[in-house]
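Okay, upload08.tsv is below, TSV, C-alpha atoms and all ligand atoms:
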```tsv
chain	number	residue	atom	x	y	z
A	10	MET	CA	0.00	0.00	0.00
A	11	ASN	CA	1.10	3.60	-0.59
A	12	ILE	CA	0.96	5.51	2.67
A	13	ALA	CA	1.54	9.21	3.35
A	14	VAL	CA	2.73	10.13	6.84
A	15	LEU	CA	2.08	13.81	7.54
A	16	GLY	CA	4.08	15.26	10.41
A	17	SER	CA	7.22	13.29	11.19
A	18	GLY	CA	7.93	14.01	14.84
A	19	THR	CA	7.70	11.52	17.72
A	20	ILE	CA	4.64	9.72	16.38
A	21	GLY	CA	5.10	10.17	12.63
A	22	LYS	CA	8.60	8.71	12.51
A	23	SER	CA	7.55	5.72	14.57
A	24	TRP	CA	4.58	5.04	12.23
A	25	CYS	CA	7.02	5.32	9.28
A	26	ALA	CA	9.27	2.60	10.75
A	27	LEU	CA	6.33	0.26	11.34
A	28	PHE	CA	4.64	0.79	7.96
A	29	LEU	CA	7.93	0.19	6.14
A	30	ALA	CA	8.73	-2.88	8.22
A	31	ALA	CA	5.30	-4.24	7.29
A	32	GLY	CA	6.20	-3.92	3.58
A	33	HIS	CA	4.39	-0.69	2.64
A	34	HIS	CA	5.64	2.25	0.60
A	35	VAL	CA	5.83	5.43	2.68
A	36	VAL	CA	6.16	9.09	1.78
A	37	ALA	CA	6.68	11.27	4.85
A	38	TYR	CA	6.07	15.01	4.96
A	39	ASP	CA	7.36	17.47	7.51
A	40	PRO	CA	7.88	21.22	7.06
A	41	ASP	CA	11.06	20.93	9.12
A	42	SER	CA	13.78	19.65	6.75
A	43	ALA	CA	15.88	18.52	9.72
A	44	LYS	CA	13.31	15.78	10.35
A	45	LYS	CA	14.48	13.84	7.27
A	46	GLU	CA	17.67	12.67	8.95
A	47	GLY	CA	15.81	12.05	12.21
A	48	ILE	CA	13.36	9.68	10.52
A	49	THR	CA	15.94	7.73	8.53
A	50	ASP	CA	18.04	7.33	11.70
A	51	PHE	CA	14.95	6.21	13.57
A	52	ILE	CA	14.00	3.68	10.87
A	53	GLN	CA	17.51	2.20	10.98
A	54	ALA	CA	17.55	2.15	14.79
A	55	SER	CA	14.13	0.43	15.02
A	56	LYS	CA	14.99	-2.34	12.57
A	57	SER	CA	16.37	-4.84	15.04
A	58	ALA	CA	13.43	-4.51	17.46
A	59	LEU	CA	10.95	-4.83	14.61
A	60	ARG	CA	12.81	-7.84	13.17
A	61	ARG	CA	12.58	-9.56	16.58
A	62	LEU	CA	8.82	-8.98	16.46
A	63	GLY	CA	8.52	-10.67	13.08
A	64	TYR	CA	8.65	-7.69	10.70
A	65	GLN	CA	10.80	-7.25	7.60
A	66	SER	CA	14.13	-5.49	7.82
A	67	ALA	CA	15.10	-5.45	4.13
A	68	GLY	CA	14.41	-2.67	1.65
A	69	LEU	CA	12.95	-0.23	4.18
A	70	ILE	CA	14.85	2.86	3.06
A	71	GLU	CA	14.30	1.92	-0.60
A	72	ARG	CA	10.53	2.12	-0.02
A	73	PHE	CA	10.79	5.45	1.85
A	74	ARG	CA	10.73	9.02	0.59
A	75	PHE	CA	10.76	12.33	2.51
A	76	VAL	CA	9.13	15.41	1.01
A	77	GLN	CA	8.69	18.97	2.17
A	78	ASN	CA	5.41	19.57	0.45
A	79	PRO	CA	2.24	17.83	1.72
A	80	MET	CA	0.68	17.74	-1.75
A	81	ASP	CA	3.60	15.59	-3.00
A	82	ALA	CA	3.16	13.24	-0.06
A	83	VAL	CA	-0.52	12.49	-0.60
A	84	GLN	CA	-0.60	12.09	-4.38
A	85	GLY	CA	-1.20	8.40	-5.11
A	86	ALA	CA	-1.54	7.55	-1.40
A	87	GLU	CA	-4.38	5.25	-0.37
A	88	LEU	CA	-3.94	6.04	3.30
A	89	ILE	CA	-2.83	9.23	5.04
A	90	GLN	CA	-1.68	8.93	8.66
A	91	GLU	CA	-1.82	12.47	10.04
A	92	ASN	CA	0.51	13.34	12.92
A	93	ALA	CA	0.77	17.12	12.73
A	94	PRO	CA	1.07	19.11	15.99
A	95	GLU	CA	-1.92	18.86	18.29
A	96	ARG	CA	-3.41	22.20	17.24
A	97	LEU	CA	-6.72	22.26	15.38
A	98	GLY	CA	-5.74	25.26	13.23
A	99	VAL	CA	-2.58	23.49	12.04
A	100	LYS	CA	-4.47	20.32	11.17
A	101	HIS	CA	-7.22	22.26	9.35
A	102	GLN	CA	-4.64	24.20	7.34
A	103	LEU	CA	-2.95	20.93	6.38
A	104	PHE	CA	-6.28	19.39	5.32
A	105	SER	CA	-7.09	22.38	3.12
A	106	GLU	CA	-3.69	22.01	1.44
A	107	ILE	CA	-3.99	18.29	0.73
A	108	GLU	CA	-7.68	17.76	0.05
A	109	PRO	CA	-7.61	18.79	-3.65
A	110	TYR	CA	-4.80	16.28	-4.26
A	111	LEU	CA	-6.30	13.25	-2.51
A	112	ASP	CA	-7.32	10.19	-4.52
A	113	SER	CA	-11.11	9.78	-4.46
A	114	GLN	CA	-10.86	6.67	-2.25
A	115	ALA	CA	-8.05	7.95	-0.01
A	116	VAL	CA	-8.74	7.96	3.73
A	117	ILE	CA	-7.19	10.08	6.47
A	118	HIS	CA	-6.37	8.47	9.82
A	119	SER	CA	-5.62	11.10	12.43
A	120	SER	CA	-3.33	10.21	15.34
A	121	THR	CA	-4.80	13.02	17.43
A	122	SER	CA	-4.79	12.44	21.18
A	123	GLY	CA	-7.35	15.02	22.16
A	124	ILE	CA	-9.08	16.71	19.23
A	125	THR	CA	-12.52	15.29	18.47
A	126	LEU	CA	-13.47	13.78	15.11
A	127	GLU	CA	-16.19	16.39	14.70
A	128	GLU	CA	-13.60	19.16	15.12
A	129	LEU	CA	-11.33	17.53	12.55
A	130	GLN	CA	-14.19	17.03	10.07
A	131	ALA	CA	-14.90	20.78	10.15
A	132	GLY	CA	-11.64	21.26	8.22
A	133	LEU	CA	-12.58	19.02	5.27
A	134	SER	CA	-15.18	19.12	2.48
A	135	ASP	CA	-15.42	15.32	2.24
A	136	ILE	CA	-15.91	14.63	5.94
A	137	GLY	CA	-16.70	10.93	5.52
A	138	ARG	CA	-13.08	10.06	4.69
A	139	ILE	CA	-11.46	10.92	8.03
A	140	ILE	CA	-11.38	8.85	11.20
A	141	ILE	CA	-9.37	8.90	14.40
A	142	ALA	CA	-6.70	6.20	14.64
A	143	HIS	CA	-4.92	7.07	17.86
A	144	PRO	CA	-1.75	5.12	18.64
A	145	PHE	CA	0.14	4.80	21.88
A	146	ASN	CA	3.71	5.99	21.96
A	147	PRO	CA	5.85	4.47	20.51
A	148	PRO	CA	3.45	3.25	17.78
A	149	HIS	CA	6.00	0.99	16.13
A	150	LEU	CA	6.00	-1.11	19.31
A	151	ILE	CA	2.82	-0.56	21.33
A	152	PRO	CA	-0.02	-2.56	19.74
A	153	LEU	CA	-2.99	-0.38	20.76
A	154	VAL	CA	-4.76	1.77	18.14
A	155	GLU	CA	-8.02	3.48	19.17
A	156	LEU	CA	-10.42	3.90	16.24
A	157	PHE	CA	-13.38	6.22	16.02
A	158	GLY	CA	-15.73	7.01	13.15
A	159	ASN	CA	-19.14	8.68	13.44
A	160	GLN	CA	-22.40	8.68	11.48
A	161	GLU	CA	-20.72	10.76	8.74
A	162	THR	CA	-17.97	8.18	8.22
A	163	LYS	CA	-18.22	6.36	4.90
A	164	PRO	CA	-19.16	2.67	4.96
A	165	ARG	CA	-16.30	0.25	5.56
A	166	VAL	CA	-13.76	2.97	6.49
A	167	ILE	CA	-13.62	1.75	10.08
A	168	GLU	CA	-13.65	-1.95	9.09
A	169	SER	CA	-10.83	-1.33	6.58
A	170	ALA	CA	-8.86	0.55	9.23
A	171	ARG	CA	-9.33	-2.32	11.66
A	172	GLU	CA	-8.15	-4.82	9.02
A	173	PHE	CA	-5.21	-2.60	8.13
A	174	TYR	CA	-3.93	-2.21	11.71
A	175	GLU	CA	-4.51	-5.92	12.42
A	176	SER	CA	-2.44	-6.72	9.34
A	177	LEU	CA	0.36	-4.74	11.02
A	178	GLY	CA	0.03	-6.82	14.18
A	179	LYS	CA	-1.70	-3.99	16.06
A	180	VAL	CA	-4.64	-4.35	18.43
A	181	PRO	CA	-7.33	-1.91	17.29
A	182	VAL	CA	-10.24	-1.06	19.60
A	183	GLU	CA	-13.26	0.95	18.53
A	184	LEU	CA	-14.93	3.78	20.42
A	185	GLN	CA	-18.71	3.84	20.04
A	186	LYS	CA	-18.96	7.49	21.07
A	187	SER	CA	-16.82	10.61	20.84
A	188	VAL	CA	-15.08	11.45	24.11
A	189	PRO	CA	-12.06	13.71	24.72
A	190	GLY	CA	-8.89	11.67	25.18
A	191	HIS	CA	-10.38	8.40	23.88
A	192	ILE	CA	-10.09	5.37	26.22
A	193	ALA	CA	-6.56	4.63	27.40
A	194	ASN	CA	-5.42	8.22	27.97
A	195	ARG	CA	-8.51	8.94	30.07
A	196	ILE	CA	-7.67	5.95	32.25
A	197	GLN	CA	-4.01	6.99	32.46
A	198	ALA	CA	-5.18	10.48	33.39
A	199	VAL	CA	-7.20	9.19	36.33
A	200	VAL	CA	-4.31	7.04	37.54
A	201	TRP	CA	-1.90	9.97	37.22
A	202	GLN	CA	-4.30	12.31	39.02
A	203	GLU	CA	-4.42	9.95	41.98
A	204	ALA	CA	-0.62	9.58	41.90
A	205	LEU	CA	-0.22	13.38	42.12
A	206	HIS	CA	-2.93	13.59	44.75
A	207	LEU	CA	-1.28	10.96	46.96
A	208	ALA	CA	2.04	12.80	46.67
A	209	GLN	CA	0.40	16.17	47.43
A	210	GLU	CA	-1.23	14.65	50.51
A	211	GLY	CA	2.18	13.35	51.63
A	212	VAL	CA	1.06	9.70	51.47
A	213	ALA	CA	4.12	8.69	49.43
A	214	SER	CA	6.77	10.24	47.22
A	215	LEU	CA	6.28	10.38	43.44
A	216	SER	CA	9.18	7.99	43.13
A	217	ASP	CA	7.63	5.39	45.46
A	218	ILE	CA	4.27	5.77	43.71
A	219	ASP	CA	5.99	5.01	40.39
A	220	LYS	CA	7.68	1.98	41.95
A	221	ALA	CA	4.34	0.76	43.30
A	222	ILE	CA	2.76	0.91	39.84
A	223	ALA	CA	5.69	-0.41	37.79
A	224	ASN	CA	6.30	-3.33	40.17
A	225	GLY	CA	2.69	-4.07	40.98
A	226	PRO	CA	-0.37	-3.53	38.80
A	227	GLY	CA	1.68	-2.29	35.83
A	228	LEU	CA	3.20	-5.74	35.36
A	229	ARG	CA	-0.23	-7.37	35.30
A	230	TRP	CA	-1.80	-4.69	33.07
A	231	SER	CA	0.43	-5.69	30.17
A	232	ILE	CA	-1.19	-9.14	30.27
A	233	TYR	CA	-4.86	-8.39	30.95
A	234	GLY	CA	-6.98	-5.30	31.55
A	235	PRO	CA	-8.41	-4.55	35.02
A	236	ASN	CA	-11.79	-6.21	34.37
A	237	GLN	CA	-10.22	-9.49	33.30
A	238	LEU	CA	-7.65	-9.35	36.09
A	239	PHE	CA	-10.21	-8.76	38.83
A	240	SER	CA	-12.37	-11.55	37.39
A	241	LEU	CA	-9.47	-13.89	38.16
A	242	ALA	CA	-9.42	-12.84	41.81
A	243	ALA	CA	-12.73	-14.28	43.03
A	244	GLY	CA	-12.53	-17.94	42.10
A	245	ASP	CA	-15.20	-19.14	39.69
A	246	ARG	CA	-17.52	-16.28	40.62
A	247	GLY	CA	-15.73	-14.02	38.14
A	248	LEU	CA	-16.01	-10.24	38.07
A	249	GLU	CA	-19.42	-10.30	39.73
A	250	GLY	CA	-17.92	-12.25	42.60
A	251	PHE	CA	-15.07	-9.76	42.86
A	252	ILE	CA	-17.58	-6.90	43.11
A	253	GLU	CA	-19.44	-8.72	45.89
A	254	HIS	CA	-16.17	-9.35	47.71
A	255	LEU	CA	-14.24	-6.10	47.27
A	256	GLY	CA	-16.76	-3.72	45.69
A	257	PRO	CA	-17.45	-1.85	48.96
A	258	SER	CA	-13.71	-1.30	49.51
A	259	PHE	CA	-13.32	0.08	45.99
A	260	GLN	CA	-16.35	2.32	46.56
A	261	ARG	CA	-14.65	3.72	49.66
A	262	TRP	CA	-11.37	4.34	47.78
A	263	TRP	CA	-13.24	6.00	44.88
A	264	SER	CA	-14.99	8.30	47.37
A	265	SER	CA	-11.66	9.50	48.73
A	266	ALA	CA	-9.93	9.83	45.33
A	267	GLY	CA	-8.42	13.27	44.75
A	268	ARG	CA	-8.98	16.07	42.27
A	269	VAL	CA	-5.75	17.73	41.20
A	270	GLU	CA	-5.45	21.20	39.67
A	271	ILE	CA	-2.50	21.89	37.38
A	272	ASN	CA	-1.26	25.02	39.17
A	273	SER	CA	1.99	26.36	40.59
A	274	LYS	CA	1.65	24.18	43.70
A	275	THR	CA	1.50	21.04	41.56
A	276	VAL	CA	4.37	22.17	39.34
A	277	ASP	CA	6.50	23.06	42.39
A	278	MET	CA	5.92	19.64	43.91
A	279	VAL	CA	6.87	17.90	40.66
A	280	ARG	CA	9.99	20.08	40.29
A	281	GLU	CA	10.99	19.41	43.89
A	282	GLN	CA	10.48	15.63	43.79
A	283	PHE	CA	11.25	14.78	40.21
A	284	LYS	CA	14.55	16.37	39.29
A	285	LYS	CA	15.07	15.89	35.58
A	286	ASP	CA	18.82	16.50	35.81
A	287	ASP	CA	19.16	13.23	37.75
A	288	LYS	CA	17.96	11.21	34.78
A	289	ASP	CA	19.35	10.27	31.42
A	290	ILE	CA	16.21	10.48	29.30
A	291	SER	CA	17.63	8.81	26.18
A	292	ASP	CA	18.97	5.85	28.20
A	293	MET	CA	15.58	5.48	29.85
A	294	LYS	CA	13.80	5.45	26.49
A	295	ILE	CA	16.17	2.74	25.26
A	296	TYR	CA	15.58	0.74	28.45
A	297	ARG	CA	11.78	1.19	28.11
A	298	ASP	CA	11.79	0.01	24.49
A	299	GLN	CA	14.11	-2.95	25.18
A	300	ILE	CA	11.79	-4.24	27.88
A	301	LEU	CA	8.71	-3.54	25.75
A	302	VAL	CA	10.18	-5.71	22.99
A	303	LYS	CA	10.84	-8.55	25.45
A	304	ILE	CA	7.25	-8.36	26.74
A	305	LEU	CA	5.88	-8.31	23.19
A	306	GLU	CA	8.11	-11.24	22.21
A	307	ALA	CA	6.82	-13.20	25.19
A	308	LYS	CA	3.20	-12.41	24.28
A	309	ILE	CA	3.74	-13.41	20.64
A	310	ALA	CA	5.42	-16.68	21.71
A	311	MET	CA	2.55	-17.51	24.08
A	312	ARG	CA	-0.02	-16.70	21.39
A	313	ASP	CA	1.83	-18.86	18.86
A	314	ASN	CA	1.74	-21.70	21.41
A	315	GLY	CA	-2.03	-21.35	21.63
A	316	LYS	CA	-2.09	-19.81	25.09
A	317	PRO	CA	-5.02	-17.49	26.00
A	318	GLU	CA	-4.72	-13.82	25.17
A	319	GLU	CA	-6.97	-10.96	26.18
A	320	GLU	CA	-10.69	-11.86	26.21
A	401	LIG	N1	3.54	12.09	21.69
A	401	LIG	C1	2.64	11.19	22.04
A	401	LIG	O1	2.79	10.48	23.04
A	401	LIG	C2	1.40	10.98	21.19
A	401	LIG	C3	0.73	9.74	21.30
A	401	LIG	C4	-0.36	9.50	20.46
A	401	LIG	C5	-0.79	10.47	19.58
A	401	LIG	N2	-0.14	11.68	19.51
A	401	LIG	C6	-0.64	12.65	18.55
A	401	LIG	O2	0.21	12.63	17.41
A	401	LIG	C7	0.25	13.94	16.83
A	401	LIG	C8	1.70	14.38	16.70
A	401	LIG	O3	2.26	14.42	18.00
A	401	LIG	P1	3.85	14.27	18.24
A	401	LIG	O4	4.01	13.93	19.66
A	401	LIG	O5	4.44	13.40	17.20
A	401	LIG	O6	4.31	15.77	18.00
A	401	LIG	P2	5.76	16.29	17.55
A	401	LIG	O7	5.82	17.72	17.95
A	401	LIG	O8	6.82	15.36	18.02
A	401	LIG	O9	5.70	16.19	15.95
A	401	LIG	C9	4.91	17.01	15.17
A	401	LIG	C10	5.60	17.18	13.84
A	401	LIG	O10	4.75	17.90	12.98
A	401	LIG	C11	5.55	18.79	12.23
A	401	LIG	N3	4.71	19.87	11.72
A	401	LIG	C12	4.66	21.18	12.09
A	401	LIG	N4	3.74	21.83	11.33
A	401	LIG	C13	3.20	20.90	10.49
A	401	LIG	C14	2.23	20.95	9.48
A	401	LIG	N5	1.61	22.09	9.18
A	401	LIG	N6	1.93	19.83	8.80
A	401	LIG	C15	2.55	18.66	9.09
A	401	LIG	N7	3.49	18.55	10.05
A	401	LIG	C16	3.80	19.66	10.74
A	401	LIG	C17	6.62	19.26	13.18
A	401	LIG	O11	7.76	19.74	12.48
A	401	LIG	C18	6.92	17.96	13.92
A	401	LIG	O12	7.93	17.22	13.29
A	401	LIG	C19	-0.60	14.85	17.70
A	401	LIG	O13	-1.89	14.96	17.16
A	401	LIG	C20	-0.63	14.08	19.02
A	401	LIG	O14	-1.80	14.34	19.77
A	401	LIG	C21	0.96	11.95	20.29
```
Using structure tokens, write down the structure that the file contains.
Amino acid sequence: MNIAVLGSGTIGKSWCALFLAAGHHVVAYDPDSAKKEGITDFIQASKSALRRLGYQSAGLIERFRFVQNPMDAVQGAELIQENAPERLGVKHQLFSEIEPYLDSQAVIHSSTSGITLEELQAGLSDIGRIIIAHPFNPPHLIPLVELFGNQETKPRVIESAREFYESLGKVPVELQKSVPGHIANRIQAVVWQEALHLAQEGVASLSDIDKAIANGPGLRWSIYGPNQLFSLAAGDRGLEGFIEHLGPSFQRWWSSAGRVEINSKTVDMVREQFKKDDKDISDMKIYRDQILVKILEAKIAMRDNGKPEEE
């Protein structure tokens, strides 16, 4: 397939690596010419991880082109993965530039984290050809893609998107309703709010809260979601049994959950407890991705051995 990747920052370059490793032809656009080197470096650097996960590692650069004009990127493309900055005006401007050059059947998948589909559609004439296809960073590794189309979406656009991402080894989920932040980020947001709240209340340091998540529920969450996990905790009575057993405790914890305002007090606490100079960010990203690959390899091996996956 011919794919145009518009916006080649954190998300765009990662999509490029994945699409190429899955055998597609990719033309990437970014107004910043310096991004060209960044993407090609990223594609080369991602090869070994993607090879371990079963993707191709030959001919990637040969099937890749970088352009500095969005019209050149979309001509002949069947699919446009849009990853421009998270500003509605920027995305609308980009849509107005590319729309006259799109093939009649071309679809736009927006990676937006927080802009609604209805807001995006307002920037196009043919509003039935755009959907949200929100990845999780880094998209070349994390399987989740959140899809959303509405009543204006053309028939089969969502089904084709689902088939496309599944063909890449992704795990697409579909929202039935428009909601800011989609599914996973909203859940992360609630977890993070409580983490900040606990630290503000002096219950534990941010560092210990991170350790509690990464060495506790975080390990289990990469295997099953909370509903499935809790259903395993009440014998054969499943999730209903878990609610009977621990529902009242959860109700009590929910009642005392905190609301956090992003204000100077919050920022001061974060600055005080979370000194960025103490950390080597690039080493931590490498460490994160190396472990992610090992987890994904383990999941693929279990699946190939016929072991149960998510429900
Ligand atoms: N970073 C994340 O964790 C994450 C996760 C999922 C989805 N997203 C979404 O992906 C999109 C891109 O986010 P990002 O984190 O990659 O941002 P980024 O700032 O890393 O990259 C944006 C890129 O767009 C380029 N750009 C600027 N103007 C442009 C234009 N008019 N047309 C096309 N490209 C333009 C910039 O030069 C930059 O390279 C956003 O909609 C964001 O919500 C981000």
Legend entry - ligand LIG 401 (chain A) neighbours within 7 Å using all atoms listed in the file, as a PyMOL selection string: chain A and resi 15-21+38-41+44+92-95+99-100+102-103+120-123+143-146
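Distance cut-off 12 Å, centre (-8.4, 12.3, 42.9), atoms counted only C-alpha atoms; the residues meeting this are Ala198, Val199, Val200, Trp201, Gln202, Glu203, Ala204, Leu205, His206, Leu207, Ala208, Gln209, Glu210, Trp262, Trp263, Ser264, Ser265, Ala266, Gly267, Arg268, Val269 and Glu270 of chain A.
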Write a file of the just-selected residues containing C-alpha atoms, as a PDB file, in the coordinates of the input.
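The resulting file, selection_20.pdb, is reproduced below:
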```pdb
ATOM      1  CA  ALA A 198      -5.180  10.480  33.390  1.00  0.00           C
ATOM      2  CA  VAL A 199      -7.200   9.190  36.330  1.00  0.00           C
ATOM      3  CA  VAL A 200      -4.310   7.040  37.540  1.00  0.00           C
ATOM      4  CA  TRP A 201      -1.900   9.970  37.220  1.00  0.00           C
ATOM      5  CA  GLN A 202      -4.300  12.310  39.020  1.00  0.00           C
ATOM      6  CA  GLU A 203      -4.420   9.950  41.980  1.00  0.00           C
ATOM      7  CA  ALA A 204      -0.620   9.580  41.900  1.00  0.00           C
ATOM      8  CA  LEU A 205      -0.220  13.380  42.120  1.00  0.00           C
ATOM      9  CA  HIS A 206      -2.930  13.590  44.750  1.00  0.00           C
ATOM     10  CA  LEU A 207      -1.280  10.960  46.960  1.00  0.00           C
ATOM     11  CA  ALA A 208       2.040  12.800  46.670  1.00  0.00           C
ATOM     12  CA  GLN A 209       0.400  16.170  47.430  1.00  0.00           C
ATOM     13  CA  GLU A 210      -1.230  14.650  50.510  1.00  0.00           C
ATOM     14  CA  TRP A 262     -11.370   4.340  47.780  1.00  0.00           C
ATOM     15  CA  TRP A 263     -13.240   6.000  44.880  1.00  0.00           C
ATOM     16  CA  SER A 264     -14.990   8.300  47.370  1.00  0.00           C
ATOM     17  CA  SER A 265     -11.660   9.500  48.730  1.00  0.00           C
ATOM     18  CA  ALA A 266      -9.930   9.830  45.330  1.00  0.00           C
ATOM     19  CA  GLY A 267      -8.420  13.270  44.750  1.00  0.00           C
ATOM     20  CA  ARG A 268      -8.980  16.070  42.270  1.00  0.00           C
ATOM     21  CA  VAL A 269      -5.750  17.730  41.200  1.00  0.00           C
ATOM     22  CA  GLU A 270      -5.450  21.200  39.670  1.00  0.00           C
TER      23      GLU A 270
END
```
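Minimum distance to A:Glu175 across A:Leu97, A:Leu153, A:Ile124, A:Ala30 (counting only C-alpha atoms) occurs at A:Leu153.
For A:Phe173, the non-local neighbours within 12 Å, defined as residues at least 6 positions apart in the same chain or in other chains and counting all atoms listed in the file, are Met10, Ile12, Phe28, Ala31, His33, Glu87, Leu88, Val116, His118, Ala142, Val154, Leu156, Arg165, Val166, Ile167, Lys179, Val180 and Pro181 of chain A.
Considering the residues A:Leu241, A:Glu127, A:Gln114, A:Leu133 and counting only C-alpha atoms, A:Pro164 has its shortest atom-to-atom contact with A:Gln114.
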Inset, instruction - Report the distance between atom CA of A:Leu228 and atom CA of A:Ile304 in Å, rounded to one decimal place. - result: 9.9 Å
Inset, instruction - Go ahead and compute the interatomic distance for atom CA of A:Lys220 and atom CA of A:Pro148, in Å to one decimal. - result: 24.6 Å
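The spacing separating atom CA of A:Gly247 from atom CA of A:Trp230 amounts to 17.5 Å.
Each of A:Asp135, A:Glu128, A:Glu155, A:Glu183 was compared to A:Ser113 using all atoms listed in the file, and A:Asp135 turns out to be the nearest.
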Need the shell around A:Val302: protein/DNA/RNA residues with any atom at most 8 Å away, counting all atoms listed in the file. Skip same-chain ones fewer than 3 positions apart. Format as a PDB file with C-alpha atoms, in the coordinates of the input?
```
ATOM      1  CA  ALA A  58      13.430  -4.510  17.460  1.00  0.00           C
ATOM      2  CA  ARG A  61      12.580  -9.560  16.580  1.00  0.00           C
ATOM      3  CA  LEU A  62       8.820  -8.980  16.460  1.00  0.00           C
ATOM      4  CA  LEU A 150       6.000  -1.110  19.310  1.00  0.00           C
ATOM      5  CA  ASP A 298      11.790   0.010  24.490  1.00  0.00           C
ATOM      6  CA  GLN A 299      14.110  -2.950  25.180  1.00  0.00           C
ATOM      7  CA  LEU A 305       5.880  -8.310  23.190  1.00  0.00           C
ATOM      8  CA  GLU A 306       8.110 -11.240  22.210  1.00  0.00           C
TER       9      GLU A 306
END
```
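Shortest separation to A:Gln84 among A:Ala13, A:Arg72, A:Leu129, A:Ser105 occurs at residue A:Ala13, atoms counted being all atoms listed in the file.
Of the listed residues (A:Ala67, A:Ala213, A:Ile271, A:Ala170), A:Ala67 comes nearest to A:Ile52; the distances count all atoms listed in the file.
Nearest residue to A:Lys163 among A:Ala115, A:Leu184, A:Ala243, A:Met80 is A:Ala115, counting all atoms listed in the file.
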Legend entry - A:Cys25 surroundings by only C-alpha atoms, 8 Å radius, close-in-sequence under 5 positions cut, as a ChimeraX atom specification: /A:14,35,37,48,52
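Omitting A:Ile140 and its sequence neighbours fewer than 6 positions away, and counting all atoms listed in the file, the residues within 7 Å are Ile117, His118, Ser119, Leu126, Phe157 and Gly158 of chain A.
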What would the file look like if the residues just selected were written as a PDB file, keeping the file's coordinate frame with C-alpha atoms?
```
ATOM      1  CA  ILE A 117      -7.190  10.080   6.470  1.00  0.00           C
ATOM      2  CA  HIS A 118      -6.370   8.470   9.820  1.00  0.00           C
ATOM      3  CA  SER A 119      -5.620  11.100  12.430  1.00  0.00           C
ATOM      4  CA  LEU A 126     -13.470  13.780  15.110  1.00  0.00           C
ATOM      5  CA  PHE A 157     -13.380   6.220  16.020  1.00  0.00           C
ATOM      6  CA  GLY A 158     -15.730   7.010  13.150  1.00  0.00           C
TER       7      GLY A 158
END
```
